[in-house]
>>> print(open('query-v5.txt').read())   # compact mmCIF, C-alpha atoms
# COMPACT_ATOMS: atom_id res chain seq x y z
CA MET Z 19 141.21 23.51 106.65
CA SER Z 20 142.62 24.82 103.39
CA ARG Z 21 143.97 22.22 101.00
CA THR Z 22 145.74 23.23 97.83
CA GLY Z 23 146.28 20.86 94.91
CA ALA Z 24 149.86 20.46 93.72
CA SER Z 25 148.99 20.60 90.04
CA ASN Z 26 150.94 22.60 87.50
CA ARG Z 27 149.34 26.01 87.16
CA GLY Z 28 151.58 26.94 84.25
CA GLY Z 29 149.09 25.78 81.63
CA ASP Z 30 150.97 22.63 80.59
CA ALA Z 31 148.34 20.77 78.59
CA ASN Z 32 150.59 17.76 77.99
CA LEU Z 33 150.61 16.33 81.52
CA SER Z 34 151.51 12.69 81.81
CA PRO Z 35 149.63 10.35 84.13
CA PRO Z 36 151.32 9.04 87.28
CA ASP Z 37 153.98 6.40 86.76
CA PRO Z 38 152.39 2.96 86.14
CA HIS Z 39 154.99 1.52 88.56
CA GLU Z 40 153.53 3.60 91.38
CA ARG Z 41 152.25 1.44 94.19
CA VAL Z 42 150.88 1.63 97.66
CA ALA Z 43 153.50 0.56 100.20
CA ALA Z 44 150.80 -1.00 102.39
CA SER Z 45 150.38 -3.74 99.80
CA ARG Z 46 153.99 -4.74 100.51
CA GLY Z 47 153.43 -5.23 104.22
CA CYS Z 48 153.99 -1.69 105.50
CA CYS Z 49 152.77 -1.71 109.07
CA HIS Z 50 152.35 1.91 110.17
CA LYS Z 51 149.03 3.72 110.41
CA ALA Z 52 147.60 5.40 107.34
CA GLY Z 53 148.07 9.14 106.98
CA VAL Z 54 145.45 11.77 106.25
CA THR Z 55 143.40 11.27 103.07
CA ASP Z 56 141.09 13.74 101.35
CA ALA Z 57 137.49 12.51 101.71
CA ARG Z 58 136.41 13.86 98.31
CA ASN Z 59 138.95 12.18 96.04
CA GLY Z 60 140.85 9.73 98.24
CA LYS Z 61 144.26 11.32 97.60
CA PRO Z 62 146.72 11.43 100.48
CA VAL Z 63 147.23 14.87 102.01
CA VAL Z 64 150.75 16.01 102.89
CA GLY Z 65 151.72 18.83 105.21
CA TRP Z 66 154.43 21.39 104.50
CA ARG Z 67 156.97 19.00 106.03
CA GLU Z 68 157.03 15.20 106.04
CA LEU Z 69 159.35 12.28 106.68
CA VAL Z 70 160.27 10.76 103.32
CA HIS Z 71 161.92 7.44 102.46
CA LEU Z 72 164.30 6.82 99.56
CA PRO Z 73 164.50 3.01 99.86
CA GLU Z 74 166.90 2.24 96.97
CA LEU Z 75 169.35 4.79 98.42
CA GLY Z 76 169.08 3.39 101.95
CA LEU Z 77 167.71 6.70 103.25
CA HIS Z 78 164.76 6.46 105.65
CA SER Z 79 162.76 9.06 107.58
CA VAL Z 80 164.52 11.97 105.88
CA PRO Z 81 162.95 15.29 106.94
CA ALA Z 82 161.62 16.96 103.80
CA LYS Z 83 160.05 20.27 102.95
CA ILE Z 84 157.05 20.00 100.62
CA ASP Z 85 157.38 22.89 98.17
CA THR Z 86 154.86 23.41 95.37
CA GLY Z 87 156.85 26.47 94.29
CA ALA Z 88 159.80 24.28 93.26
CA ARG Z 89 159.43 22.21 90.09
CA THR Z 90 162.19 19.67 90.80
CA SER Z 91 162.87 17.78 94.02
CA SER Z 92 166.33 18.27 95.52
CA LEU Z 93 168.53 16.27 97.91
CA HIS Z 94 171.50 17.58 99.88
CA ALA Z 95 174.41 15.55 98.51
CA THR Z 96 178.07 15.72 97.67
CA VAL Z 97 178.90 14.10 94.33
CA LEU Z 98 181.82 11.72 94.76
CA ASP Z 99 182.11 10.00 91.39
CA GLN Z 100 180.45 9.48 88.01
CA PHE Z 101 180.97 6.14 86.28
CA ASP Z 102 179.56 3.63 83.77
CA ARG Z 103 178.20 0.25 84.79
CA ASP Z 104 176.79 -2.17 82.23
CA GLY Z 105 176.35 0.63 79.70
CA ALA Z 106 174.45 2.93 82.08
CA GLU Z 107 175.72 6.17 83.62
CA PHE Z 108 175.78 6.17 87.41
CA VAL Z 109 176.62 8.73 90.06
CA ARG Z 110 178.00 7.99 93.53
CA PHE Z 111 177.20 10.63 96.14
CA ALA Z 112 177.27 11.16 99.87
CA VAL Z 113 174.38 12.39 101.99
CA ASP Z 114 175.58 13.85 105.28
CA PHE Z 115 173.50 14.11 108.45
CA PRO Z 116 175.86 16.22 110.60
CA GLY Z 117 173.57 16.29 113.64
CA HIS Z 118 173.86 12.51 113.83
CA HIS Z 119 177.48 12.32 112.55
CA VAL Z 120 176.33 10.00 109.75
CA ARG Z 121 177.38 9.86 106.10
CA GLN Z 122 175.42 7.61 103.75
CA VAL Z 123 177.11 6.85 100.43
CA CYS Z 124 174.58 6.17 97.67
CA GLU Z 125 174.62 5.17 94.01
CA ALA Z 126 171.90 5.89 91.46
CA ILE Z 127 171.44 6.01 87.71
CA HIS Z 128 172.33 9.46 86.40
CA VAL Z 129 169.47 10.49 84.09
CA ASP Z 130 170.27 14.11 83.25
CA HIS Z 131 172.42 17.16 83.86
CA ARG Z 132 170.29 20.31 83.76
CA GLY Z 133 170.08 23.91 84.83
CA ILE Z 134 167.98 24.38 87.97
CA THR Z 135 166.99 27.87 89.08
CA SER Z 136 167.21 28.16 92.86
CA SER Z 137 164.98 30.27 95.11
CA ASN Z 138 167.50 33.14 94.96
CA GLY Z 139 167.26 33.25 91.14
CA ASP Z 140 170.65 31.71 90.35
CA THR Z 141 170.78 28.86 87.84
CA GLN Z 142 173.09 25.95 88.69
CA MET Z 143 173.92 22.90 86.59
CA ARG Z 144 172.93 19.85 88.67
CA LEU Z 145 173.04 16.10 88.28
CA ILE Z 146 169.60 14.48 88.22
CA VAL Z 147 168.91 10.95 89.46
CA LYS Z 148 165.65 8.99 89.38
CA THR Z 149 164.80 6.83 92.36
CA PRO Z 150 161.78 5.51 94.26
CA ILE Z 151 160.35 7.82 96.93
CA ARG Z 152 157.87 6.81 99.62
CA ILE Z 153 155.68 9.36 101.35
CA GLY Z 154 153.21 7.73 103.72
CA HIS Z 155 151.93 4.59 101.99
CA LEU Z 156 152.56 5.76 98.43
CA GLU Z 157 155.77 4.79 96.65
CA PHE Z 158 156.69 6.15 93.22
CA ARG Z 159 159.74 7.03 91.11
CA ALA Z 160 160.80 10.67 90.92
CA GLU Z 161 163.64 12.78 89.60
CA ILE Z 162 165.81 14.43 92.24
CA SER Z 163 168.57 16.97 91.70
CA LEU Z 164 171.72 16.63 93.79
CA ALA Z 165 172.66 19.95 95.39
CA ASP Z 166 174.41 21.60 98.30
CA ARG Z 167 171.53 22.24 100.72
CA SER Z 168 173.79 22.65 103.76
CA ASP Z 169 172.38 26.13 104.40
CA MET Z 170 168.80 24.83 104.28
CA GLN Z 171 166.75 23.54 107.19
CA PHE Z 172 165.69 20.37 105.34
CA PRO Z 173 168.09 18.04 103.50
CA LEU Z 174 165.33 17.07 101.05
CA LEU Z 175 162.89 19.21 99.13
CA ILE Z 176 159.92 17.60 97.36
CA GLY Z 177 158.85 19.66 94.34
CA ARG Z 178 155.54 19.85 92.51
CA THR Z 179 156.47 17.41 89.73
CA ALA Z 180 156.76 14.60 92.30
CA LEU Z 181 153.52 15.70 94.01
CA ARG Z 182 151.42 16.19 90.88
CA ARG Z 183 148.34 13.94 90.63
CA ARG Z 184 149.41 11.98 93.71
CA PHE Z 185 148.91 14.28 96.71
CA LEU Z 186 147.05 17.30 97.97
CA VAL Z 187 149.06 19.77 100.05
CA ASP Z 188 147.83 21.32 103.31
CA ALA Z 189 150.34 24.12 103.81
CA GLY Z 190 149.04 24.79 107.33
CA SER Z 191 149.82 21.32 108.68
CA SER Z 192 152.87 19.13 109.25
CA TRP Z 193 153.66 15.41 109.36
CA LEU Z 194 150.28 14.27 107.96
CA GLN Z 195 151.92 11.22 106.31
CA SER Z 196 154.65 10.73 108.92
CA PRO Z 197 153.75 8.16 111.57
CA GLY Z 198 155.17 8.84 114.99
CA LYS Z 199 155.46 12.58 114.43
CA ARG Z 200 153.15 14.79 116.46
CA ARG Z 201 150.40 16.37 114.38
CA PRO Z 202 148.98 19.76 115.27
CA LYS Z 203 145.50 19.75 116.75
CA GLU Z 204 142.83 20.54 114.19
>>> encode(input="query-v5.txt", output="structure tokens")
Amino acid sequence: MSRTGASNRGGDANLSPPDPHERVAASRGCCHKAGVTDARNGKPVVGWRELVHLPELGLHSVPAKIDTGARTSSLHATVLDQFDRDGAEFVRFAVDFPGHHVRQVCEAIHVDHRGITSSNGDTQMRLIVKTPIRIGHLEFRAEISLADRSDMQFPLLIGRTALRRRFLVDAGSSWLQSPGKRRPKE
């Protein structure tokens, strides 16, 4: 089975180590079975699609595409409001799941507004939030751009910055860190 590391191949010599607040969800009483781990280095292995949790946003089991070609992670969201609370900038946004007729309204600290180049080559100015993400048993903070992904198959895209030094990617497999999802036979 081919496994490709999600490291930056752009020659960035100033890579920062994983967030010191990163933790294994199992230590907090997570009860589902462990996902696939690489035997050589012990890193979890993700497939090209996984179920991802954004606990502070109240979003659980969100289908996500794992994309090492994208630098920044992206969430399908409609920005509703930007406001200040206790001296910090916040953004309120809605995440729609039309197949289930559900709209989840979320709030997160707004950390940046930057140009993101999409897969079609267009650059869009997007709001960036930073929030905890859990994939399998590993929980960590990551930056996510808020974008209109209504034309995309997956409402969430996990980019290489979130994956770097945490996971290996097996592009030929799916749901390796998603309990309850059927895995392809090896």
>>> residues_around(input="query-v5.txt", residues="stretch 140-154 of chain Z", least_positions_apart="5", cutoff="8 Å", atoms="only C-alpha atoms", output="VMD selection string")
chain Z and resid 43 52 to 53 68 to 75 126 to 135 159 to 165 195 to 197
>>> closest_residue(input="query-v5.txt", among="Z:Ala57, Z:Arg167, Z:Leu77, Z:Gly177", to="Z:Val120", atoms="all atoms listed in the file")
Z:Leu77
>>> closest_residue(input="query-v5.txt", among="Z:Leu98, Z:Val187, Z:Ala82, Z:Ala112", to="Z:Gln171", atoms="only C-alpha atoms")
Z:Ala82
>>> atom_distance(input="query-v5.txt", atom1="atom CA of Z:His78", atom2="atom CA of Z:Asp102")
26.6 Å
>>> closest_residue(input="query-v5.txt", among="Z:Gly198, Z:Pro173, Z:Gly190, Z:Pro116", to="Z:His94", atoms="only C-alpha atoms")
Z:Pro173
>>> residues_near_point(input="query-v5.txt", point="(162.1, 24.4, 97.2)", cutoff="6 Å", atoms="all atoms listed in the file", output="mmCIF file with C-alpha atoms, keeping the file's coordinate frame")
data_model
loop_
_atom_site.group_PDB
_atom_site.id
_atom_site.type_symbol
_atom_site.label_atom_id
_atom_site.label_comp_id
_atom_site.auth_asym_id
_atom_site.auth_seq_id
_atom_site.Cartn_x
_atom_site.Cartn_y
_atom_site.Cartn_z
ATOM 1 C CA ASP Z 85 157.380 22.890 98.170
ATOM 2 C CA ALA Z 88 159.800 24.280 93.260
ATOM 3 C CA LEU Z 175 162.890 19.210 99.130
#
>>> atom_distance(input="query-v5.txt", atom1="atom CA of Z:Val64", atom2="atom CA of Z:Leu194")
5.4 Å
>>> closest_residue(input="query-v5.txt", among="Z:Arg182, Z:Ser168, Z:Gly76, Z:Trp66", to="Z:Glu125", atoms="all atoms listed in the file")
Z:Gly76
>>> closest_residue(input="query-v5.txt", among="Z:Ser79, Z:Phe111, Z:Asp104, Z:Arg184", to="Z:Glu157", atoms="only C-alpha atoms")
Z:Arg184
>>> atom_distance(input="query-v5.txt", atom1="atom CA of Z:Lys61", atom2="atom CA of Z:Ile176")
16.9 Å
>>> closest_residue(input="query-v5.txt", among="Z:Phe108, Z:Ser137, Z:Thr90, Z:Ala95", to="Z:Val123", atoms="only C-alpha atoms")
Z:Ala95
